[in-house]
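So this block is my_file-v1.csv, CSV, C-alpha atoms:
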```csv
chain,number,residue,atom,x,y,z
A,1,MET,CA,13.6,97.9,38.2
A,2,ALA,CA,12.9,94.4,37.1
A,3,LEU,CA,12.4,95.5,33.5
A,4,GLN,CA,15.7,97.5,33.6
A,5,SER,CA,17.6,94.5,34.8
A,6,ALA,CA,16.1,92.3,32.0
A,7,ARG,CA,17.1,94.5,29.1
A,8,PRO,CA,20.9,94.2,29.3
A,9,THR,CA,20.4,90.4,29.6
A,10,LEU,CA,18.4,90.3,26.3
A,11,ARG,CA,21.0,92.4,24.5
A,12,PHE,CA,23.7,90.1,25.8
A,13,PHE,CA,22.0,87.1,24.1
A,14,GLU,CA,21.6,89.0,20.8
A,15,ALA,CA,25.3,88.6,20.3
A,16,PRO,CA,25.9,85.1,18.8
A,17,THR,CA,29.5,85.0,20.0
A,18,HIS,CA,28.4,84.7,23.7
A,19,GLY,CA,26.3,81.6,23.5
A,20,SER,CA,24.9,78.8,21.4
A,21,LEU,CA,21.6,78.7,19.7
A,22,LEU,CA,20.3,76.3,22.3
A,23,LEU,CA,21.3,78.7,25.0
A,24,LEU,CA,19.4,81.5,23.2
A,25,LEU,CA,16.3,79.3,23.0
A,26,LEU,CA,16.5,78.4,26.6
A,27,SER,CA,16.9,82.0,27.6
A,28,LEU,CA,13.9,83.2,25.6
A,29,GLN,CA,11.8,80.6,27.3
A,30,TRP,CA,13.0,81.8,30.7
A,31,VAL,CA,12.3,85.4,29.8
A,32,LEU,CA,8.7,84.7,29.2
A,33,LEU,CA,8.5,82.9,32.6
A,34,SER,CA,10.2,85.8,34.3
A,35,ARG,CA,7.8,88.3,32.9
A,36,ALA,CA,4.9,86.3,34.3
A,37,GLN,CA,6.6,86.1,37.8
A,38,THR,CA,7.5,89.8,37.7
A,39,ALA,CA,3.9,90.7,37.3
A,40,ASP,CA,3.0,88.8,40.5
A,41,THR,CA,6.1,89.5,42.7
A,42,GLY,CA,7.6,92.7,41.2
A,43,GLN,CA,11.0,91.0,41.0
A,44,GLY,CA,12.9,89.7,38.0
A,45,VAL,CA,14.3,86.2,38.1
A,46,VAL,CA,16.1,86.0,34.7
A,47,THR,CA,19.1,88.2,35.3
A,48,PRO,CA,20.7,86.3,38.2
A,49,TRP,CA,20.2,83.0,36.3
A,50,LEU,CA,21.8,84.4,33.1
A,51,GLN,CA,24.7,85.8,35.1
A,52,ARG,CA,25.4,82.4,36.5
A,53,THR,CA,25.1,80.9,33.0
A,54,SER,CA,27.5,83.4,31.4
A,55,ARG,CA,30.2,82.5,33.9
A,56,ASP,CA,30.2,78.9,33.0
A,57,LEU,CA,29.0,78.1,29.5
A,58,SER,CA,30.7,74.7,29.5
A,59,ARG,CA,28.5,73.3,32.3
A,60,GLN,CA,26.3,70.3,31.7
A,61,TRP,CA,22.8,71.6,31.0
A,62,PRO,CA,19.8,69.8,32.6
A,63,GLU,CA,17.2,68.4,30.3
A,64,PRO,CA,15.2,71.4,28.9
A,65,ILE,CA,11.9,70.2,30.2
A,66,VAL,CA,10.6,73.7,30.2
A,67,ILE,CA,10.4,73.9,26.5
A,68,LEU,CA,9.0,70.4,25.7
A,69,PRO,CA,5.4,71.4,26.1
A,70,ARG,CA,5.8,74.1,23.6
A,71,ALA,CA,7.6,71.8,21.1
A,72,LEU,CA,4.9,69.2,21.4
A,73,ARG,CA,2.0,71.6,21.4
A,74,GLY,CA,1.5,71.4,17.6
A,75,THR,CA,1.3,67.6,17.6
A,76,GLU,CA,-1.2,67.2,20.3
A,77,LYS,CA,-4.4,65.5,19.1
A,78,LYS,CA,-7.1,68.2,18.9
A,79,ALA,CA,-10.9,67.7,19.2
A,80,CYS,CA,-13.1,68.8,16.3
A,81,PRO,CA,-14.3,72.3,16.9
A,82,PRO,CA,-18.0,72.8,17.5
A,83,GLY,CA,-19.9,73.2,14.3
A,84,ARG,CA,-17.1,71.8,12.2
A,85,GLU,CA,-18.2,68.1,12.3
A,86,VAL,CA,-18.3,66.6,8.8
A,87,HIS,CA,-21.5,64.9,7.7
A,88,VAL,CA,-21.3,65.5,3.9
A,89,VAL,CA,-18.3,65.3,1.5
A,90,ASP,CA,-18.3,68.4,-0.6
A,91,GLU,CA,-16.1,71.3,-1.7
A,92,SER,CA,-16.3,73.0,1.7
A,93,LEU,CA,-13.7,70.4,3.0
A,94,VAL,CA,-11.1,72.0,0.8
A,95,PHE,CA,-11.0,74.9,3.2
A,96,TYR,CA,-10.5,72.7,6.3
A,97,SER,CA,-7.0,72.8,7.7
A,98,GLU,CA,-5.1,69.6,7.9
A,99,TRP,CA,-5.7,69.1,11.6
A,100,GLU,CA,-9.4,69.8,11.2
A,101,LEU,CA,-9.6,67.1,8.6
A,102,GLU,CA,-7.8,64.8,10.9
A,103,ALA,CA,-10.2,65.6,13.8
A,104,CYS,CA,-13.5,66.1,12.0
A,105,VAL,CA,-13.6,63.5,9.2
A,106,HIS,CA,-14.5,59.8,9.8
A,107,GLY,CA,-13.3,56.9,7.6
A,108,ALA,CA,-16.8,55.5,7.4
A,109,LEU,CA,-18.1,58.7,5.8
A,110,LEU,CA,-15.3,58.6,3.2
A,111,ALA,CA,-15.9,55.0,2.3
A,112,GLU,CA,-19.6,55.7,1.9
A,113,HIS,CA,-19.1,58.8,-0.3
A,114,MET,CA,-15.9,57.8,-2.2
A,115,ASP,CA,-17.4,59.1,-5.5
A,116,GLN,CA,-17.7,62.6,-3.9
A,117,VAL,CA,-14.2,62.3,-2.5
A,118,ASN,CA,-12.9,61.9,-6.1
A,119,ALA,CA,-15.0,64.9,-7.2
A,120,VAL,CA,-13.5,67.3,-4.7
A,121,PRO,CA,-10.1,69.0,-5.7
A,122,PHE,CA,-8.2,68.0,-2.5
A,123,THR,CA,-4.5,68.8,-2.2
A,124,TYR,CA,-2.0,66.0,-2.0
A,125,GLN,CA,-1.6,66.7,1.7
A,126,GLN,CA,-5.3,66.6,2.3
A,127,LEU,CA,-5.6,63.3,0.3
A,128,ASN,CA,-2.9,61.8,2.5
A,129,ILE,CA,-4.9,62.6,5.6
A,130,LEU,CA,-8.1,61.2,4.1
A,131,LYS,CA,-6.3,58.0,3.1
A,132,ARG,CA,-5.0,57.7,6.7
A,133,LYS,CA,-8.5,58.0,8.0
A,134,LEU,CA,-9.6,55.2,5.6
A,135,ASP,CA,-6.7,53.0,6.6
A,136,GLN,CA,-7.6,53.5,10.3
A,137,PHE,CA,-11.2,52.5,9.6
A,138,TYR,CA,-10.1,49.4,7.5
A,139,PRO,CA,-6.9,48.2,9.2
A,140,GLN,CA,-7.3,44.7,7.6
A,141,GLY,CA,-7.6,46.1,4.0
A,142,TYR,CA,-10.3,47.8,2.0
A,143,PRO,CA,-13.4,45.7,1.2
A,144,GLU,CA,-14.2,45.0,-2.4
A,145,SER,CA,-17.3,47.2,-2.2
A,146,LEU,CA,-15.0,50.2,-1.6
A,147,ILE,CA,-12.3,49.1,-4.1
A,148,GLN,CA,-14.9,49.1,-6.9
A,149,HIS,CA,-15.5,52.9,-6.2
A,150,LEU,CA,-11.9,54.0,-5.6
A,151,SER,CA,-11.4,55.5,-9.0
A,152,TYR,CA,-8.7,58.1,-8.9
A,153,PHE,CA,-8.2,57.6,-5.1
A,154,PHE,CA,-6.4,54.4,-6.2
A,155,LEU,CA,-3.4,56.6,-7.1
A,156,GLU,CA,-2.9,57.2,-3.4
A,157,VAL,CA,-2.6,53.6,-2.3
A,158,THR,CA,0.6,51.6,-1.9
A,159,PRO,CA,1.5,48.0,-3.0
A,160,GLU,CA,1.4,47.1,0.7
A,161,ASP,CA,-2.2,48.3,0.9
A,162,ILE,CA,-3.2,46.3,-2.1
A,163,HIS,CA,-1.7,43.0,-0.8
A,164,LYS,CA,-4.4,43.2,1.9
A,165,TRP,CA,-7.3,43.3,-0.6
A,166,ASN,CA,-9.5,40.7,-2.0
A,167,VAL,CA,-10.2,41.5,-5.6
A,168,THR,CA,-12.6,39.2,-7.6
A,169,SER,CA,-14.0,41.5,-10.3
A,170,LEU,CA,-12.2,41.7,-13.6
A,171,GLU,CA,-14.1,44.9,-14.4
A,172,THR,CA,-12.7,46.5,-11.2
A,173,VAL,CA,-9.2,45.5,-12.3
A,174,LYS,CA,-9.7,47.0,-15.8
A,175,SER,CA,-11.0,50.3,-14.4
A,176,LEU,CA,-8.0,50.6,-12.0
A,177,LEU,CA,-5.6,49.8,-14.8
A,178,GLN,CA,-7.2,52.5,-16.9
A,179,ILE,CA,-6.8,55.1,-14.1
A,180,SER,CA,-3.2,54.0,-13.5
A,181,LYS,CA,-1.9,54.7,-17.0
A,182,GLY,CA,0.9,57.3,-16.9
A,183,GLY,CA,0.9,57.5,-13.1
A,184,LYS,CA,4.1,55.5,-12.3
A,185,MET,CA,1.9,52.8,-10.8
A,186,ASP,CA,3.9,49.8,-12.0
A,187,ALA,CA,4.3,48.3,-8.5
A,188,GLN,CA,0.7,48.9,-7.6
A,189,VAL,CA,-0.5,47.3,-10.8
A,190,ALA,CA,1.7,44.3,-10.2
A,191,ALA,CA,0.2,43.9,-6.7
A,192,LEU,CA,-3.3,44.3,-8.1
A,193,ILE,CA,-2.8,41.6,-10.7
A,194,ALA,CA,-1.2,39.3,-8.1
A,195,ARG,CA,-4.2,39.7,-5.7
A,196,TYR,CA,-6.7,39.1,-8.5
A,197,LEU,CA,-5.0,36.0,-9.7
A,198,VAL,CA,-4.5,34.6,-6.2
A,199,GLY,CA,-8.2,34.8,-5.7
A,200,GLY,CA,-8.8,32.6,-8.8
A,201,GLY,CA,-9.4,35.3,-11.3
A,202,GLN,CA,-8.7,35.0,-15.0
A,203,LEU,CA,-7.3,37.7,-17.3
A,204,ASP,CA,-8.7,38.1,-20.8
A,205,LYS,CA,-6.9,39.4,-23.8
A,206,VAL,CA,-8.2,42.9,-23.3
A,207,THR,CA,-6.7,43.1,-19.9
A,208,LEU,CA,-3.4,41.6,-21.0
A,209,ASP,CA,-3.2,44.2,-23.7
A,210,MET,CA,-3.8,46.9,-21.1
A,211,LEU,CA,-1.0,45.5,-19.0
A,212,ALA,CA,1.4,46.0,-21.9
A,213,SER,CA,1.5,49.8,-21.1
A,214,PHE,CA,3.0,49.1,-17.7
A,215,HIS,CA,6.5,47.8,-16.8
A,216,PRO,CA,6.1,44.0,-16.5
A,217,THR,CA,6.8,43.6,-12.8
A,218,TYR,CA,3.6,41.5,-12.9
A,219,ILE,CA,5.0,39.0,-15.3
A,220,CYS,CA,5.6,36.1,-12.9
A,221,SER,CA,2.0,36.4,-11.6
A,222,LEU,CA,0.7,35.2,-14.9
A,223,SER,CA,0.1,31.5,-15.7
A,224,PRO,CA,1.9,29.9,-18.7
A,225,GLU,CA,-1.4,30.1,-20.6
A,226,GLN,CA,-1.8,33.8,-19.9
A,227,LEU,CA,1.9,34.4,-20.8
A,228,SER,CA,1.3,32.9,-24.2
A,229,LEU,CA,-1.3,35.7,-24.8
A,230,VAL,CA,1.0,38.5,-23.7
A,231,GLN,CA,2.1,40.9,-26.5
A,232,GLN,CA,5.5,40.1,-28.0
A,233,ASP,CA,6.9,43.5,-27.3
A,234,VAL,CA,6.5,43.0,-23.5
A,235,VAL,CA,9.7,40.9,-23.3
A,236,TRP,CA,11.7,43.9,-24.5
A,237,ALA,CA,10.9,45.7,-21.2
A,238,VAL,CA,11.6,42.8,-18.9
A,239,ARG,CA,14.4,43.3,-16.4
A,240,PRO,CA,16.3,40.3,-14.8
A,241,GLN,CA,14.8,41.0,-11.4
A,242,ASP,CA,11.3,40.8,-12.9
A,243,LEU,CA,11.8,37.1,-13.6
A,244,ASP,CA,13.0,36.1,-10.1
A,245,GLY,CA,9.6,34.7,-9.2
A,246,CYS,CA,9.0,32.8,-12.4
A,247,GLY,CA,8.8,29.0,-12.4
A,248,PRO,CA,10.2,26.6,-15.1
A,249,LEU,CA,6.9,26.5,-17.1
A,250,GLN,CA,6.7,30.3,-17.1
A,251,MET,CA,10.3,30.6,-18.2
A,252,ASP,CA,9.8,28.1,-20.9
A,253,VAL,CA,7.0,30.3,-22.4
A,254,LEU,CA,9.0,33.5,-21.9
A,255,TYR,CA,12.1,32.1,-23.5
A,256,HIS,CA,10.3,31.2,-26.7
A,257,LYS,CA,8.7,34.7,-26.8
A,258,ALA,CA,12.1,36.3,-26.2
A,259,HIS,CA,13.8,34.1,-28.8
A,260,ILE,CA,11.2,35.2,-31.4
A,261,ALA,CA,11.4,38.9,-30.4
A,262,PHE,CA,15.2,39.0,-30.6
A,263,ARG,CA,15.5,36.8,-33.7
A,264,ASN,CA,16.9,39.6,-35.8
A,265,MET,CA,19.9,40.1,-33.5
A,266,SER,CA,23.0,38.0,-33.3
A,267,GLY,CA,26.3,37.6,-31.4
A,268,SER,CA,26.8,39.5,-28.2
A,269,ALA,CA,23.8,41.8,-28.8
A,270,TYR,CA,21.5,38.8,-29.0
A,271,PHE,CA,23.1,37.2,-25.9
A,272,ALA,CA,22.7,40.3,-23.8
A,273,ARG,CA,19.0,40.3,-24.6
A,274,ILE,CA,18.3,36.6,-24.3
A,275,LYS,CA,20.4,36.1,-21.1
A,276,PRO,CA,17.6,36.8,-18.6
A,277,PHE,CA,15.4,34.2,-20.3
A,278,LEU,CA,17.9,31.4,-20.6
A,279,GLY,CA,16.3,29.6,-17.6
A,280,GLY,CA,13.8,28.4,-20.2
A,281,ALA,CA,16.3,27.3,-22.8
A,282,SER,CA,16.8,23.7,-23.9
A,283,ALA,CA,20.1,21.8,-24.4
A,284,GLU,CA,19.7,22.4,-28.2
A,285,ASP,CA,19.3,26.1,-27.6
A,286,LEU,CA,22.5,26.2,-25.4
A,287,ARG,CA,24.4,24.3,-28.1
A,288,VAL,CA,23.4,27.1,-30.6
A,289,LEU,CA,24.9,29.6,-28.2
A,290,ILE,CA,28.1,27.6,-27.9
A,291,GLN,CA,28.6,27.8,-31.6
A,292,GLN,CA,28.4,31.6,-31.4
A,293,ASN,CA,31.4,31.7,-29.0
A,294,ILE,CA,29.4,33.2,-26.2
A,295,SER,CA,31.1,33.4,-22.7
A,296,MET,CA,28.3,32.8,-20.2
A,297,ASP,CA,28.8,34.2,-16.6
A,298,MET,CA,28.3,31.9,-13.7
A,299,ALA,CA,25.2,33.7,-12.4
A,300,THR,CA,23.4,32.9,-15.6
A,301,PHE,CA,24.8,29.4,-15.8
A,302,LYS,CA,23.4,28.6,-12.3
A,303,LYS,CA,19.9,29.5,-13.5
A,304,LEU,CA,19.9,27.0,-16.4
A,305,ARG,CA,17.4,24.2,-16.3
A,306,LYS,CA,19.0,21.0,-15.0
A,307,GLU,CA,17.4,19.1,-17.9
A,308,ALA,CA,19.1,21.4,-20.4
A,309,LEU,CA,22.5,21.3,-18.7
A,310,LEU,CA,22.9,17.6,-18.0
A,311,PRO,CA,23.3,16.5,-21.7
A,312,LEU,CA,26.2,18.9,-22.3
A,313,THR,CA,29.6,17.4,-22.4
A,314,ILE,CA,32.7,18.8,-20.6
A,315,ALA,CA,34.0,20.3,-23.8
A,316,GLU,CA,30.7,22.0,-24.4
A,317,VAL,CA,30.5,23.5,-20.9
A,318,GLN,CA,34.1,24.5,-21.2
A,319,LYS,CA,33.4,26.4,-24.4
A,320,LEU,CA,30.1,27.8,-23.1
A,321,LEU,CA,31.7,29.3,-20.0
A,322,GLY,CA,35.0,30.3,-21.5
A,323,PRO,CA,37.1,32.4,-19.0
A,324,ASN,CA,34.4,31.9,-16.4
A,325,LEU,CA,35.0,28.1,-16.2
A,326,GLU,CA,36.8,28.3,-12.9
A,327,GLY,CA,33.5,29.3,-11.3
A,328,LEU,CA,32.4,25.7,-11.4
A,329,LYS,CA,34.5,24.9,-8.4
A,330,ALA,CA,32.6,27.3,-6.1
A,331,GLU,CA,29.3,25.7,-7.3
A,332,GLU,CA,30.3,22.0,-7.3
A,333,GLY,CA,28.1,21.3,-4.3
A,334,ASN,CA,25.0,23.1,-5.7
A,335,SER,CA,22.4,22.2,-8.3
A,336,PRO,CA,22.6,22.2,-11.3
A,337,VAL,CA,26.4,22.2,-11.3
A,338,ARG,CA,26.4,19.3,-8.8
A,339,ASP,CA,24.0,17.3,-10.9
A,340,TRP,CA,26.1,17.9,-14.1
A,341,ILE,CA,29.3,16.8,-12.3
A,342,PHE,CA,27.6,13.5,-11.3
A,343,ARG,CA,27.2,12.7,-15.0
A,344,GLN,CA,30.9,13.2,-15.9
A,345,ARG,CA,33.8,10.9,-15.5
A,346,GLN,CA,36.2,11.9,-12.8
A,347,ASP,CA,39.3,11.6,-15.0
A,348,ASP,CA,37.7,14.0,-17.6
A,349,LEU,CA,36.9,16.5,-14.8
A,350,ASP,CA,40.5,16.2,-13.5
A,351,ARG,CA,41.8,17.4,-16.9
A,352,LEU,CA,40.0,20.7,-16.3
A,353,GLY,CA,42.5,21.4,-13.5
A,354,LEU,CA,39.8,22.9,-11.3
A,355,GLY,CA,39.8,20.3,-8.5
A,356,LEU,CA,36.3,19.2,-9.1
A,357,HIS,CA,35.1,16.1,-7.2
A,358,GLY,CA,32.0,13.9,-7.4
A,359,GLY,CA,32.4,12.5,-10.9
A,360,ILE,CA,32.3,8.8,-11.9
A,361,PRO,CA,35.5,7.0,-11.1
A,362,ASN,CA,37.1,4.9,-13.8
A,363,GLY,CA,35.7,1.3,-14.0
A,364,TYR,CA,32.3,2.2,-12.7
A,365,LEU,CA,29.1,1.9,-14.7
A,366,VAL,CA,27.3,5.2,-15.6
A,367,LEU,CA,23.7,5.1,-14.3
A,368,ASP,CA,21.0,7.5,-15.5
A,369,LEU,CA,20.4,10.1,-12.8
A,370,ASN,CA,16.6,9.4,-12.8
A,371,ILE,CA,17.3,5.7,-12.1
A,372,ARG,CA,19.8,6.6,-9.4
A,373,GLU,CA,17.4,8.9,-7.7
A,374,ALA,CA,14.6,6.3,-7.9
A,375,LEU,CA,16.8,3.7,-6.3
A,376,LEU,CA,17.8,6.1,-3.5
A,377,GLY,CA,14.3,7.3,-2.8
A,378,GLY,CA,14.8,10.6,-4.5
A,379,SER,CA,17.5,11.8,-2.0
A,380,HIS,CA,20.1,14.3,-3.1
A,381,LEU,CA,23.6,13.1,-2.6
A,382,LEU,CA,26.9,15.0,-2.4
A,383,GLY,CA,28.6,12.2,-4.4
A,384,PRO,CA,28.0,9.2,-6.6
A,385,GLY,CA,29.5,6.6,-4.2
A,386,SER,CA,26.2,5.5,-2.7
A,387,ALA,CA,24.7,4.9,-6.0
A,388,PHE,CA,27.4,2.5,-7.0
A,389,THR,CA,26.8,0.3,-4.0
A,390,VAL,CA,23.7,-1.0,-5.7
A,391,ILE,CA,25.4,-2.0,-8.9
A,392,PRO,CA,26.6,-5.5,-7.7
A,393,THR,CA,23.0,-6.2,-6.6
A,394,LEU,CA,21.7,-5.2,-10.0
A,395,LEU,CA,24.3,-7.3,-11.8
A,396,LEU,CA,23.5,-10.4,-9.7
A,397,ALA,CA,19.8,-10.0,-10.3
A,398,PHE,CA,20.5,-9.7,-14.0
A,399,ILE,CA,22.6,-12.9,-14.0
A,400,LEU,CA,20.1,-14.9,-12.0
A,401,SER,CA,17.2,-13.8,-14.2
```
Using the file provided, produce a representation of the structure as structure tokens.
Amino acid sequence: MALQSARPTLRFFEAPTHGSLLLLLLSLQWVLLSRAQTADTGQGVVTPWLQRTSRDLSRQWPEPIVILPRALRGTEKKACPPGREVHVVDESLVFYSEWELEACVHGALLAEHMDQVNAVPFTYQQLNILKRKLDQFYPQGYPESLIQHLSYFFLEVTPEDIHKWNVTSLETVKSLLQISKGGKMDAQVAALIARYLVGGGQLDKVTLDMLASFHPTYICSLSPEQLSLVQQDVVWAVRPQDLDGCGPLQMDVLYHKAHIAFRNMSGSAYFARIKPFLGGASAEDLRVLIQQNISMDMATFKKLRKEALLPLTIAEVQKLLGPNLEGLKAEEGNSPVRDWIFRQRQDDLDRLGLGLHGGIPNGYLVLDLNIREALLGGSHLLGPGSAFTVIPTLLLAFILS
């Protein structure tokens, strides 16, 4: 009788119009439980429960704790089956399931036999598991003794992994660069070069030539001396964001390389190419651009070297920025715009009609910025007023001498 009462209930739930998918899953779980209880008691427990459910499908269901164990069963950590413990890395591991690799392989074994790991045709999923086992064994980063034997396993690592390493061998760097060619490993290569150079390593011409085959995300890790050895064609691949970490000396080298590389271009085409490198341009270079009727955007203008911007006159800056001149107002308190304003007479700034403040008032002497900063202890001021308070003292000292 219990089985007869259960059959209509199952047919009822085969019709999707009478309940949601969640209700179907819950009911199937209860059916299995009812069968177990029917075998012991001879009575079915599912039909009354489903009848109550069908009368009120809008009720608030309790948390389905009954099905949680089944849902989590596949993710439970399993022990390595007897006889499946791994003591040797060979082709037999290819036939291990993923959970068996997780349970039966130790990171120490992989590190000791990395050459064999690279010789076995593991799937990508299996390699991910093996890498995770290595990462668990070396949470602080791989030792250099392992890095030297990574070979093609290097293709599995991330830039975050590499930033934990200590790389001192140039030969190791070269071997990993050779393996990385064509593997979309630009970010990993940049991290590898950065770690090697941070440790005091030096790149030779051969290594720099190898780097030319990768996108130059590594460019700001190189010293000015190393940048001077970089192939000329590298600057063609540089993106503006690749230069964000470069200092003034690096930008100076890169600008001259770019200027030579783009020398056959002119006008807007040349400006589009040279623009990311203008942080290394001199005042003379900027004046050449001015003569080409280039309208520089404010984002590029803010990255100009202060030493290159200060000698420019108001008329030159006005022509350099063109329709973007009004952007000076938003930057009047920030270097290098602020420093340039300090050098201009206020009445000349007023003629721009931008409301710029901080220039030299009429009747005041113009002091060189280097002298003013020396007198003020190198402090950065928001206006020139404090500097002018020392002028009477200087004049008095001059007269008395």
### Query
Of the candidates A:Ser92, A:Thr158, A:Ser266, A:Gln344, which shows the shortest atom-to-atom distance to Thr313 of chain A, using all atoms listed in the file?
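Using all atoms listed in the file, Thr313 of chain A sits closest to A:Gln344.
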#### Entry: Residues near segment 323-329 of chain A, cut-off 12 Å, all atoms listed in the file, skip fewer than 2 positions along chain, as a ChimeraX atom specification
/A:293-302,314-321,331-341,349-350,352-358
### Task
Measure the distance from atom CA of Lys181 of chain A to atom CA of Gln231 of chain A in Å and round it to one decimal.
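Result for atom CA of Lys181 of chain A versus atom CA of Gln231 of chain A: 17.2 Å, one decimal.
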Excluding segment 258-263 of chain A and its own-chain neighbours fewer than 6 positions away, which residues fall within 9 Å of it when counting all atoms listed in the file? Please give them as a PDB file with C-alpha atoms, in the coordinates of the input.
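Output file part.pdb follows:
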```pdb
ATOM      1  CA  GLN A 232       5.500  40.100 -28.000  1.00  0.00           C
ATOM      2  CA  ASP A 233       6.900  43.500 -27.300  1.00  0.00           C
ATOM      3  CA  VAL A 235       9.700  40.900 -23.300  1.00  0.00           C
ATOM      4  CA  TRP A 236      11.700  43.900 -24.500  1.00  0.00           C
ATOM      5  CA  TYR A 270      21.500  38.800 -29.000  1.00  0.00           C
ATOM      6  CA  ARG A 273      19.000  40.300 -24.600  1.00  0.00           C
ATOM      7  CA  ILE A 274      18.300  36.600 -24.300  1.00  0.00           C
ATOM      8  CA  PHE A 277      15.400  34.200 -20.300  1.00  0.00           C
TER       9      PHE A 277
END
```
### Query
If you count all atoms listed in the file, which residues fall within 8 Å of segment 132-135 of chain A, apart from same-chain ones fewer than 5 positions away, as an MDAnalysis selection string?
chainID A and resid 102 105:108 110:111 141:142
### Query
Closest to Asn128 of chain A among A:Leu155, A:Cys80, A:Val253, A:Val238, using all atoms listed in the file?
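When distances to Asn128 of chain A are compared using all atoms listed in the file, the smallest one comes from A:Leu155.
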### Task
Anything within 8 Å of (-12.8, 42.1, -0.7): list those residues as a list in words, counting all atoms listed in the file and sticking to the file's coordinates.
Tyr142, Pro143, Glu144, Ser145, Ile147, Trp165, Asn166, Val167 and Thr168 of chain A
Take the residues from that selection and put them in a file with C-alpha atoms, as a PDB file, in the frame of the given file.
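File written: part_33.pdb
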```pdb
ATOM      1  CA  TYR A 142     -10.300  47.800   2.000  1.00  0.00           C
ATOM      2  CA  PRO A 143     -13.400  45.700   1.200  1.00  0.00           C
ATOM      3  CA  GLU A 144     -14.200  45.000  -2.400  1.00  0.00           C
ATOM      4  CA  SER A 145     -17.300  47.200  -2.200  1.00  0.00           C
ATOM      5  CA  ILE A 147     -12.300  49.100  -4.100  1.00  0.00           C
ATOM      6  CA  TRP A 165      -7.300  43.300  -0.600  1.00  0.00           C
ATOM      7  CA  ASN A 166      -9.500  40.700  -2.000  1.00  0.00           C
ATOM      8  CA  VAL A 167     -10.200  41.500  -5.600  1.00  0.00           C
ATOM      9  CA  THR A 168     -12.600  39.200  -7.600  1.00  0.00           C
TER      10      THR A 168
END
```
### Query
What does the distance between atom CA of Lys303 of chain A and atom CA of Ser282 of chain A come to in Å, to one decimal place?
12.3 Å
#### Entry: From A:Cys220, A:Leu211, A:Ala237, A:Leu229, residue lying nearest Leu249 of chain A [all atoms listed in the file]
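Residue with the minimum atom-to-atom distance to Leu249 of chain A: A:Cys220.
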### Query
By how many Å are atom CA of Leu227 of chain A and atom CA of Lys275 of chain A apart?
18.6 Å
### Message
If we count all atoms listed in the file and set the cut-off at 8 Å, which residues sit around Gln188 of chain A, ignoring sequence neighbours fewer than 2 positions away in its own chain? Please answer as a VMD selection string.
### Response
chain A and resid 157 to 159 162 185 to 186 190 to 192
Mind writing the picked residues with C-alpha atoms as a tab-separated table (two decimals), keeping the file's coordinate frame?
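Once everything was written out, this is selection-v7.tsv:
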```
chain	number	residue	atom	x	y	z
A	157	VAL	CA	-2.60	53.60	-2.30
A	158	THR	CA	0.60	51.60	-1.90
A	159	PRO	CA	1.50	48.00	-3.00
A	162	ILE	CA	-3.20	46.30	-2.10
A	185	MET	CA	1.90	52.80	-10.80
A	186	ASP	CA	3.90	49.80	-12.00
A	190	ALA	CA	1.70	44.30	-10.20
A	191	ALA	CA	0.20	43.90	-6.70
A	192	LEU	CA	-3.30	44.30	-8.10
```
### Task
Give as an NGL selection string every residue, naming chains and numbers as the document does, that has an atom within 7 Å of (31.9, 8.6, -14.6), counting only C-alpha atoms.
:A and (343-346 or 359-362 or 364 or 366)
### Message
Between A:Arg239, A:Lys205, A:Arg84, A:Lys306, which residue has the minimum interatomic distance to Thr217 of chain A, considering all atoms listed in the file?
### Response
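Comparing A:Arg239, A:Lys205, A:Arg84, A:Lys306 against Thr217 of chain A, the winner is A:Arg239.
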Mind checking which residues fall within 7 Å of segment 114-123 of chain A, counting only C-alpha atoms, ignoring those fewer than 2 positions away in the same chain, and posting them as a short mmCIF file (atom, residue, chain, number, x, y, z; two decimals) with C-alpha atoms, in the coordinates of the input?
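To be explicit, this is the file written out as part.cif:
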```cif
data_model
loop_
_atom_site.label_atom_id
_atom_site.label_comp_id
_atom_site.auth_asym_id
_atom_site.auth_seq_id
_atom_site.Cartn_x
_atom_site.Cartn_y
_atom_site.Cartn_z
CA VAL A 89 -18.30 65.30 1.50
CA ASP A 90 -18.30 68.40 -0.60
CA GLU A 91 -16.10 71.30 -1.70
CA VAL A 94 -11.10 72.00 0.80
CA LEU A 110 -15.30 58.60 3.20
CA ALA A 111 -15.90 55.00 2.30
CA GLU A 112 -19.60 55.70 1.90
CA GLN A 125 -1.60 66.70 1.70
CA GLN A 126 -5.30 66.60 2.30
CA LEU A 127 -5.60 63.30 0.30
CA HIS A 149 -15.50 52.90 -6.20
CA LEU A 150 -11.90 54.00 -5.60
CA TYR A 152 -8.70 58.10 -8.90
CA PHE A 153 -8.20 57.60 -5.10
#
```
